[in-house]
$ cat coords_27.pdb   # PDB, C-alpha atoms, pLDDT in the B column
ATOM      1  CA  MET A 464      -3.073  14.109 -14.449  1.00 49.00           C
ATOM      2  CA  GLU A 465      -3.201  13.474 -18.181  1.00 54.00           C
ATOM      3  CA  ARG A 466      -2.259  10.052 -19.526  1.00 59.00           C
ATOM      4  CA  GLY A 467       1.339  10.068 -20.684  1.00 66.00           C
ATOM      5  CA  LYS A 468       2.267  13.138 -18.636  1.00 83.00           C
ATOM      6  CA  PRO A 469       5.250  12.534 -16.325  1.00 92.00           C
ATOM      7  CA  LEU A 470       4.387  12.140 -12.671  1.00 94.00           C
ATOM      8  CA  ALA A 471       5.066  15.235 -10.536  1.00 96.00           C
ATOM      9  CA  LYS A 472       5.316  15.570  -6.766  1.00 96.00           C
ATOM     10  CA  ALA A 473       2.180  17.724  -6.656  1.00 96.00           C
ATOM     11  CA  ASP A 474       0.211  14.891  -8.316  1.00 96.00           C
ATOM     12  CA  LEU A 475       0.668  12.637  -5.293  1.00 97.00           C
ATOM     13  CA  LEU A 476       0.462  15.028  -2.340  1.00 97.00           C
ATOM     14  CA  GLY A 477      -2.360  14.356   0.084  1.00 97.00           C
ATOM     15  CA  THR A 478      -4.259  11.425   1.531  1.00 98.00           C
ATOM     16  CA  TRP A 479      -5.386   8.432  -0.483  1.00 98.00           C
ATOM     17  CA  CYS A 480      -7.987   5.845   0.523  1.00 98.00           C
ATOM     18  CA  PHE A 481      -7.428   2.170  -0.288  1.00 98.00           C
ATOM     19  CA  ILE A 482      -9.867   0.805  -2.870  1.00 97.00           C
ATOM     20  CA  GLU A 483      -8.578  -2.677  -3.713  1.00 96.00           C
ATOM     21  CA  ALA A 484      -5.591  -4.908  -4.329  1.00 96.00           C
ATOM     22  CA  LEU A 485      -5.589  -6.931  -7.529  1.00 97.00           C
ATOM     23  CA  GLU A 486      -3.473  -9.705  -8.977  1.00 96.00           C
ATOM     24  CA  ASP A 487      -2.991 -10.972 -12.524  1.00 97.00           C
ATOM     25  CA  ARG A 488      -1.751 -14.546 -12.276  1.00 95.00           C
ATOM     26  CA  GLY A 489      -1.060 -15.910 -15.755  1.00 92.00           C
ATOM     27  CA  GLY A 490      -3.753 -13.755 -17.361  1.00 94.00           C
ATOM     28  CA  THR A 491      -6.453 -14.261 -14.739  1.00 93.00           C
ATOM     29  CA  VAL A 492      -7.218 -11.096 -12.750  1.00 96.00           C
ATOM     30  CA  ARG A 493      -8.631 -11.475  -9.245  1.00 95.00           C
ATOM     31  CA  LEU A 494      -8.474  -9.856  -5.834  1.00 94.00           C
ATOM     32  CA  ASN A 495      -5.002 -10.189  -4.360  1.00 92.00           C
ATOM     33  CA  PRO A 496      -5.347 -13.032  -1.825  1.00 88.00           C
ATOM     34  CA  ASN A 497      -3.079 -11.192   0.621  1.00 88.00           C
ATOM     35  CA  TYR A 498      -5.744  -8.503   1.035  1.00 90.00           C
ATOM     36  CA  GLY A 499      -9.051 -10.023  -0.077  1.00 82.00           C
ATOM     37  CA  ALA A 500     -12.219  -7.955  -0.291  1.00 90.00           C
ATOM     38  CA  ASN A 501     -13.172  -5.022   1.924  1.00 93.00           C
ATOM     39  CA  SER A 502      -9.730  -4.102   3.226  1.00 96.00           C
ATOM     40  CA  THR A 503      -9.351  -0.489   4.284  1.00 97.00           C
ATOM     41  CA  GLY A 504      -6.364   1.768   4.374  1.00 98.00           C
ATOM     42  CA  PHE A 505      -4.712   5.113   3.880  1.00 98.00           C
ATOM     43  CA  LEU A 506      -1.668   6.339   1.989  1.00 98.00           C
ATOM     44  CA  HIS A 507      -0.271   9.746   2.952  1.00 98.00           C
ATOM     45  CA  TYR A 508       2.165  11.642   0.725  1.00 98.00           C
ATOM     46  CA  LEU A 509       3.489  14.727   2.527  1.00 98.00           C
ATOM     47  CA  SER A 510       5.208  17.718   0.934  1.00 97.00           C
ATOM     48  CA  ASP A 511       8.324  17.217   3.080  1.00 98.00           C
ATOM     49  CA  GLY A 512       8.979  13.902   1.312  1.00 98.00           C
ATOM     50  CA  ARG A 513       7.503  11.661   4.007  1.00 98.00           C
ATOM     51  CA  VAL A 514       5.103   8.783   3.319  1.00 98.00           C
ATOM     52  CA  ALA A 515       2.930   6.619   5.584  1.00 98.00           C
ATOM     53  CA  VAL A 516       0.927   3.560   4.559  1.00 98.00           C
ATOM     54  CA  LEU A 517      -1.686   1.710   6.650  1.00 98.00           C
ATOM     55  CA  ILE A 518      -3.823  -1.199   5.409  1.00 97.00           C
ATOM     56  CA  SER A 519      -6.203  -3.219   7.564  1.00 97.00           C
ATOM     57  CA  LEU A 520      -7.731  -6.481   6.411  1.00 95.00           C
ATOM     58  CA  PRO A 521     -11.441  -7.013   7.069  1.00 93.00           C
ATOM     59  CA  GLY A 522     -12.829  -8.940  10.018  1.00 91.00           C
ATOM     60  CA  ARG A 523     -10.158  -8.047  12.550  1.00 93.00           C
ATOM     61  CA  GLU A 524     -11.132  -8.994  16.089  1.00 92.00           C
ATOM     62  CA  PRO A 525     -10.382  -6.813  19.119  1.00 93.00           C
ATOM     63  CA  LEU A 526      -7.822  -8.134  21.585  1.00 94.00           C
ATOM     64  CA  SER A 527      -9.291  -9.892  24.608  1.00 93.00           C
ATOM     65  CA  THR A 528      -7.446  -7.610  26.972  1.00 90.00           C
ATOM     66  CA  GLY A 529      -7.414  -3.819  27.029  1.00 79.00           C
ATOM     67  CA  ASN A 530      -3.627  -3.878  27.289  1.00 86.00           C
ATOM     68  CA  ARG A 531      -2.062  -4.785  23.942  1.00 87.00           C
ATOM     69  CA  ARG A 532       1.263  -5.589  25.619  1.00 89.00           C
ATOM     70  CA  ALA A 533      -0.478  -8.213  27.799  1.00 92.00           C
ATOM     71  CA  ALA A 534      -2.649  -9.759  25.069  1.00 94.00           C
ATOM     72  CA  PRO A 535      -2.196 -13.458  24.270  1.00 95.00           C
ATOM     73  CA  GLU A 536       0.511 -14.122  21.680  1.00 95.00           C
ATOM     74  CA  ALA A 537      -1.929 -15.796  19.266  1.00 95.00           C
ATOM     75  CA  GLU A 538      -4.101 -12.668  19.250  1.00 94.00           C
ATOM     76  CA  LEU A 539      -1.082 -10.425  18.708  1.00 93.00           C
ATOM     77  CA  ALA A 540       0.105 -12.631  15.849  1.00 94.00           C
ATOM     78  CA  GLU A 541      -3.311 -12.428  14.195  1.00 95.00           C
ATOM     79  CA  ALA A 542      -3.390  -8.653  14.678  1.00 94.00           C
ATOM     80  CA  ALA A 543      -0.004  -8.366  12.943  1.00 94.00           C
ATOM     81  CA  ARG A 544      -1.003 -10.785  10.159  1.00 94.00           C
ATOM     82  CA  THR A 545      -4.040  -8.693   9.286  1.00 95.00           C
ATOM     83  CA  PHE A 546      -2.448  -5.231   9.264  1.00 96.00           C
ATOM     84  CA  ASP A 547       0.294  -3.601   7.200  1.00 96.00           C
ATOM     85  CA  ALA A 548       1.970  -0.356   8.193  1.00 98.00           C
ATOM     86  CA  TYR A 549       5.141   1.481   7.319  1.00 98.00           C
ATOM     87  CA  ALA A 550       6.476   5.009   7.078  1.00 98.00           C
ATOM     88  CA  GLY A 551       9.506   6.604   5.527  1.00 98.00           C
ATOM     89  CA  THR A 552      10.391   8.847   2.629  1.00 98.00           C
ATOM     90  CA  TRP A 553       9.241   8.982  -0.962  1.00 98.00           C
ATOM     91  CA  ARG A 554      10.582  10.246  -4.253  1.00 98.00           C
ATOM     92  CA  ILE A 555       9.670  10.133  -7.919  1.00 98.00           C
ATOM     93  CA  VAL A 556      12.105   8.438 -10.284  1.00 96.00           C
ATOM     94  CA  GLY A 557      11.591   8.876 -13.993  1.00 92.00           C
ATOM     95  CA  PRO A 558       8.230   9.646 -15.564  1.00 95.00           C
ATOM     96  CA  ASP A 559       6.088   7.055 -13.766  1.00 96.00           C
ATOM     97  CA  THR A 560       7.906   5.494 -10.811  1.00 97.00           C
ATOM     98  CA  VAL A 561       7.593   6.281  -7.127  1.00 98.00           C
ATOM     99  CA  VAL A 562       9.995   4.861  -4.537  1.00 98.00           C
ATOM    100  CA  HIS A 563       9.092   4.473  -0.857  1.00 98.00           C
ATOM    101  CA  ARG A 564      12.101   4.054   1.450  1.00 98.00           C
ATOM    102  CA  THR A 565      10.893   2.516   4.695  1.00 98.00           C
ATOM    103  CA  ASP A 566      12.299   3.915   7.914  1.00 98.00           C
ATOM    104  CA  ILE A 567       9.913   1.953  10.125  1.00 98.00           C
ATOM    105  CA  SER A 568       7.613  -0.980   9.452  1.00 97.00           C
ATOM    106  CA  LEU A 569       5.283  -3.270  11.352  1.00 96.00           C
ATOM    107  CA  PHE A 570       7.491  -6.043   9.977  1.00 94.00           C
ATOM    108  CA  GLN A 571      11.093  -5.302  10.938  1.00 95.00           C
ATOM    109  CA  ASN A 572      12.422  -7.182   7.888  1.00 95.00           C
ATOM    110  CA  ASP A 573      10.935  -4.420   5.733  1.00 95.00           C
ATOM    111  CA  ALA A 574      12.576  -1.531   7.611  1.00 96.00           C
ATOM    112  CA  GLY A 575      15.275   0.153   5.561  1.00 97.00           C
ATOM    113  CA  ILE A 576      14.235  -1.237   2.168  1.00 98.00           C
ATOM    114  CA  GLU A 577      13.043   0.550  -0.950  1.00 98.00           C
ATOM    115  CA  LEU A 578       9.669  -0.313  -2.443  1.00 97.00           C
ATOM    116  CA  VAL A 579       9.636   0.593  -6.133  1.00 98.00           C
ATOM    117  CA  ARG A 580       6.201   1.097  -7.699  1.00 97.00           C
ATOM    118  CA  ARG A 581       5.156   2.048 -11.215  1.00 97.00           C
ATOM    119  CA  ALA A 582       2.418   4.643 -10.779  1.00 97.00           C
ATOM    120  CA  GLU A 583      -0.608   5.370 -12.945  1.00 96.00           C
ATOM    121  CA  LEU A 584      -2.733   8.366 -12.058  1.00 96.00           C
ATOM    122  CA  VAL A 585      -6.062   8.960 -13.803  1.00 95.00           C
ATOM    123  CA  ASP A 586      -8.191  11.719 -12.322  1.00 92.00           C
ATOM    124  CA  ASP A 587      -8.195  10.948  -8.571  1.00 95.00           C
ATOM    125  CA  VAL A 588      -7.374   7.233  -8.839  1.00 97.00           C
ATOM    126  CA  LEU A 589      -3.789   6.135  -8.216  1.00 97.00           C
ATOM    127  CA  THR A 590      -2.665   2.639  -9.167  1.00 98.00           C
ATOM    128  CA  LEU A 591       0.656   1.458  -7.769  1.00 98.00           C
ATOM    129  CA  HIS A 592       2.090  -1.546  -9.604  1.00 98.00           C
ATOM    130  CA  MET A 593       4.479  -3.807  -7.717  1.00 97.00           C
ATOM    131  CA  PRO A 594       7.370  -5.498  -9.536  1.00 97.00           C
ATOM    132  CA  GLU A 595       6.190  -8.590 -11.400  1.00 96.00           C
ATOM    133  CA  PHE A 596       7.537 -12.013 -10.468  1.00 96.00           C
ATOM    134  CA  THR A 597       7.227 -15.668 -11.449  1.00 96.00           C
ATOM    135  CA  ASP A 598       5.582 -18.178  -9.114  1.00 94.00           C
ATOM    136  CA  GLU A 599       5.860 -21.841 -10.120  1.00 94.00           C
ATOM    137  CA  GLY A 600       6.434 -20.787 -13.721  1.00 95.00           C
ATOM    138  CA  VAL A 601       3.457 -18.385 -13.805  1.00 95.00           C
ATOM    139  CA  LEU A 602       3.922 -14.629 -14.304  1.00 96.00           C
ATOM    140  CA  VAL A 603       2.313 -12.665 -11.465  1.00 96.00           C
ATOM    141  CA  ARG A 604       1.515  -8.965 -11.516  1.00 97.00           C
ATOM    142  CA  ARG A 605       0.053  -7.177  -8.476  1.00 96.00           C
ATOM    143  CA  TRP A 606      -1.201  -3.660  -7.934  1.00 97.00           C
ATOM    144  CA  LEU A 607      -2.934  -1.523  -5.323  1.00 97.00           C
ATOM    145  CA  VAL A 608      -5.632   0.996  -6.227  1.00 98.00           C
ATOM    146  CA  TRP A 609      -6.141   4.190  -4.198  1.00 98.00           C
ATOM    147  CA  ARG A 610      -8.625   7.081  -4.432  1.00 98.00           C
ATOM    148  CA  ARG A 611      -7.645  10.612  -3.418  1.00 97.00           C
ATOM    149  CA  LEU A 612      -9.607  11.917  -0.450  1.00 95.00           C
ATOM    150  CA  ALA A 613     -10.989  15.406  -0.941  1.00 82.00           C
ATOM    151  CA  ALA A 614      -9.515  18.074   1.294  1.00 70.00           C
ATOM    152  CA  GLU A 615     -11.875  19.381   3.968  1.00 58.00           C
ATOM    153  CA  GLN A 616     -13.589  22.589   2.969  1.00 42.00           C
TER     154      GLN A 616
END
$ encode --input "coords_27.pdb" --output "structure tokens"
Amino acid sequence: MERGKPLAKADLLGTWCFIEALEDRGGTVRLNPNYGANSTGFLHYLSDGRVAVLISLPGREPLSTGNRRAAPEAELAEAARTFDAYAGTWRIVGPDTVVHRTDISLFQNDAGIELVRRAELVDDVLTLHMPEFTDEGVLVRRWLVWRRLAAEQ
């Protein structure tokens, strides 16, 4: 996609691999502490308007039991703390904004909400900017960077 060209549905279709999450806190850019370094993930935009997002933080430990329903609560809590997942629908709004409406989420509080992201697409790198906010008087901007996975030949 060319810079300045409005975002089109075809620009986003396919599977994207998570590269990094960054944060600008008062002018200092660093890795987003919620994700850290070496997180992995996938973002899937389907032609029927469905979206799925999965992000796994690094260093996750396997559960001590083979049955996830019988695993100790502390292990389950850690597994949930180190993984993000949701699915729903997506649509483009305006020239550079994509909206994900969550139908299901690992965190029930996020089910049924809309996640509005300003999108920048340069070649096969997609940057999704979250809404900025103020934390203790400091302006915070966060964004996730994704790389398009090539289709199998």
$ resolve_selection --input "coords_27.pdb" --expression "the PyMOL selection byres ((chain A and resi 581) around 12)" --output "ChimeraX atom specification"
/A:469-470,555-563,578-580,582-584,589-595,604-608
$ atom_distance --input "coords_27.pdb" --atom1 "CA of Gly504 (chain A)" --atom2 "CA of Ser527 (chain A)"
23.5 Å
$ atom_distance --input "coords_27.pdb" --atom1 "CA of Ile576 (chain A)" --atom2 "CA of Val601 (chain A)"
25.8 Å
$ atom_distance --input "coords_27.pdb" --atom1 "CA of Val585 (chain A)" --atom2 "CA of Thr478 (chain A)"
15.6 Å
$ resolve_selection --input "coords_27.pdb" --expression "the PyMOL selection byres ((chain A and resi 567) around 12)" --output "list in words"
Arg513, Val514, Ala515, Val516, Asp547, Ala548, Tyr549, Ala550, Gly551, Thr552, His563, Arg564, Thr565, Asp566, Ser568, Leu569, Phe570, Gln571, Asn572, Asp573, Ala574, Gly575, Ile576 and Glu577 of chain A
$ closest_residue --input "coords_27.pdb" --among "A:Thr597, A:Val603, A:Glu536, A:Gly522" --to "Arg493 (chain A)" --atoms "all atoms listed in the file"
A:Val603
$ closest_residue --input "coords_27.pdb" --among "A:Glu524, A:Asp587, A:Glu599, A:Asp474" --to "Glu538 (chain A)" --atoms "all atoms listed in the file"
A:Glu524
$ closest_residue --input "coords_27.pdb" --among "A:Ala542, A:Leu509, A:Val492, A:Cys480" --to "Pro525 (chain A)" --atoms "all atoms listed in the file"
A:Ala542
$ resolve_selection --input "coords_27.pdb" --expression "the PyMOL selection byres ((chain A and resi 519) around 9)" --output "ChimeraX atom specification"
/A:498,502-504,517-518,520-521,523,545-548
$ axis_aligned_box --input "coords_27.pdb" --around "region 603-606 of chain A" --padding-each-side "5 Å" --output "JSON"
{"center_x": 0.6, "center_y": -8.2, "center_z": -9.7, "size_x": 13.5, "size_y": 19.0, "size_z": 13.6}
$ closest_residue --input "coords_27.pdb" --among "A:Asp586, A:Ile482, A:Arg488, A:Ala543" --to "Leu506 (chain A)" --atoms "only C-alpha atoms"
A:Ile482
$ closest_residue --input "coords_27.pdb" --among "A:Pro535, A:Phe505, A:Glu541, A:Phe596" --to "Phe481 (chain A)" --atoms "only C-alpha atoms"
A:Phe505
$ residues_around --input "coords_27.pdb" --residues "Gly499 (chain A)" --least-positions-apart "2" --cutoff "9 Å" --atoms "all atoms listed in the file" --output "VMD selection string"
chain A and resid 483 to 485 494 to 497 501 to 502 520 to 521
$ closest_residue --input "coords_27.pdb" --among "A:Gly477, A:Gly529, A:Gly489, A:Gly600" --to "Asp511 (chain A)" --atoms "only C-alpha atoms"
A:Gly477
$ build_atoms --input "coords_27.pdb" --residues "region 529-554 of chain A" --atoms "N, CA and C atoms" --output "CSV table (one decimal), in the frame of the given file"
chain,number,residue,atom,x,y,z
A,529,GLY,N,-7.5,-5.2,27.4
A,529,GLY,CA,-7.4,-3.8,27.0
A,529,GLY,C,-6.0,-3.4,26.9
A,530,ASN,N,-5.1,-4.2,27.3
A,530,ASN,CA,-3.6,-3.9,27.3
A,530,ASN,C,-3.0,-4.7,26.2
A,531,ARG,N,-2.6,-4.0,25.1
A,531,ARG,CA,-2.1,-4.8,23.9
A,531,ARG,C,-0.7,-5.5,24.3
A,532,ARG,N,0.0,-5.0,25.2
A,532,ARG,CA,1.3,-5.6,25.6
A,532,ARG,C,1.0,-6.9,26.4
A,533,ALA,N,-0.2,-7.0,27.0
A,533,ALA,CA,-0.5,-8.2,27.8
A,533,ALA,C,-1.4,-9.2,27.1
A,534,ALA,N,-1.7,-8.9,25.8
A,534,ALA,CA,-2.6,-9.8,25.1
A,534,ALA,C,-2.0,-11.1,24.8
A,535,PRO,N,-2.8,-12.1,24.6
A,535,PRO,CA,-2.2,-13.5,24.3
A,535,PRO,C,-1.4,-13.4,22.9
A,536,GLU,N,-0.3,-14.2,22.9
A,536,GLU,CA,0.5,-14.1,21.7
A,536,GLU,C,-0.2,-14.5,20.4
A,537,ALA,N,-1.2,-15.4,20.5
A,537,ALA,CA,-1.9,-15.8,19.3
A,537,ALA,C,-2.7,-14.6,18.7
A,538,GLU,N,-3.3,-13.8,19.7
A,538,GLU,CA,-4.1,-12.7,19.2
A,538,GLU,C,-3.2,-11.6,18.6
A,539,LEU,N,-2.0,-11.4,19.2
A,539,LEU,CA,-1.1,-10.4,18.7
A,539,LEU,C,-0.6,-10.8,17.3
A,540,ALA,N,-0.3,-12.1,17.2
A,540,ALA,CA,0.1,-12.6,15.8
A,540,ALA,C,-1.0,-12.4,14.8
A,541,GLU,N,-2.2,-12.6,15.1
A,541,GLU,CA,-3.3,-12.4,14.2
A,541,GLU,C,-3.5,-10.9,13.9
A,542,ALA,N,-3.3,-10.1,14.9
A,542,ALA,CA,-3.4,-8.7,14.7
A,542,ALA,C,-2.3,-8.2,13.7
A,543,ALA,N,-1.1,-8.7,13.8
A,543,ALA,CA,0.0,-8.4,12.9
A,543,ALA,C,-0.2,-8.9,11.5
A,544,ARG,N,-0.8,-10.1,11.5
A,544,ARG,CA,-1.0,-10.8,10.2
A,544,ARG,C,-2.0,-10.0,9.3
A,545,THR,N,-2.9,-9.3,10.0
A,545,THR,CA,-4.0,-8.7,9.3
A,545,THR,C,-3.9,-7.2,9.2
A,546,PHE,N,-2.7,-6.7,9.3
A,546,PHE,CA,-2.4,-5.2,9.3
A,546,PHE,C,-1.1,-5.0,8.7
A,547,ASP,N,-1.0,-4.0,7.8
A,547,ASP,CA,0.3,-3.6,7.2
A,547,ASP,C,0.5,-2.1,7.5
A,548,ALA,N,1.7,-1.8,7.9
A,548,ALA,CA,2.0,-0.4,8.2
A,548,ALA,C,3.5,-0.1,8.0
A,549,TYR,N,3.8,1.0,7.4
A,549,TYR,CA,5.1,1.5,7.3
A,549,TYR,C,5.2,3.0,7.1
A,550,ALA,N,6.3,3.6,7.3
A,550,ALA,CA,6.5,5.0,7.1
A,550,ALA,C,7.9,5.2,6.7
A,551,GLY,N,8.1,6.3,6.0
A,551,GLY,CA,9.5,6.6,5.5
A,551,GLY,C,9.5,7.8,4.6
A,552,THR,N,10.3,7.7,3.6
A,552,THR,CA,10.4,8.8,2.6
A,552,THR,C,9.9,8.4,1.3
A,553,TRP,N,9.6,9.3,0.4
A,553,TRP,CA,9.2,9.0,-1.0
A,553,TRP,C,9.9,9.9,-1.9
A,554,ARG,N,10.0,9.4,-3.2
A,554,ARG,CA,10.6,10.2,-4.3
A,554,ARG,C,10.1,9.7,-5.6
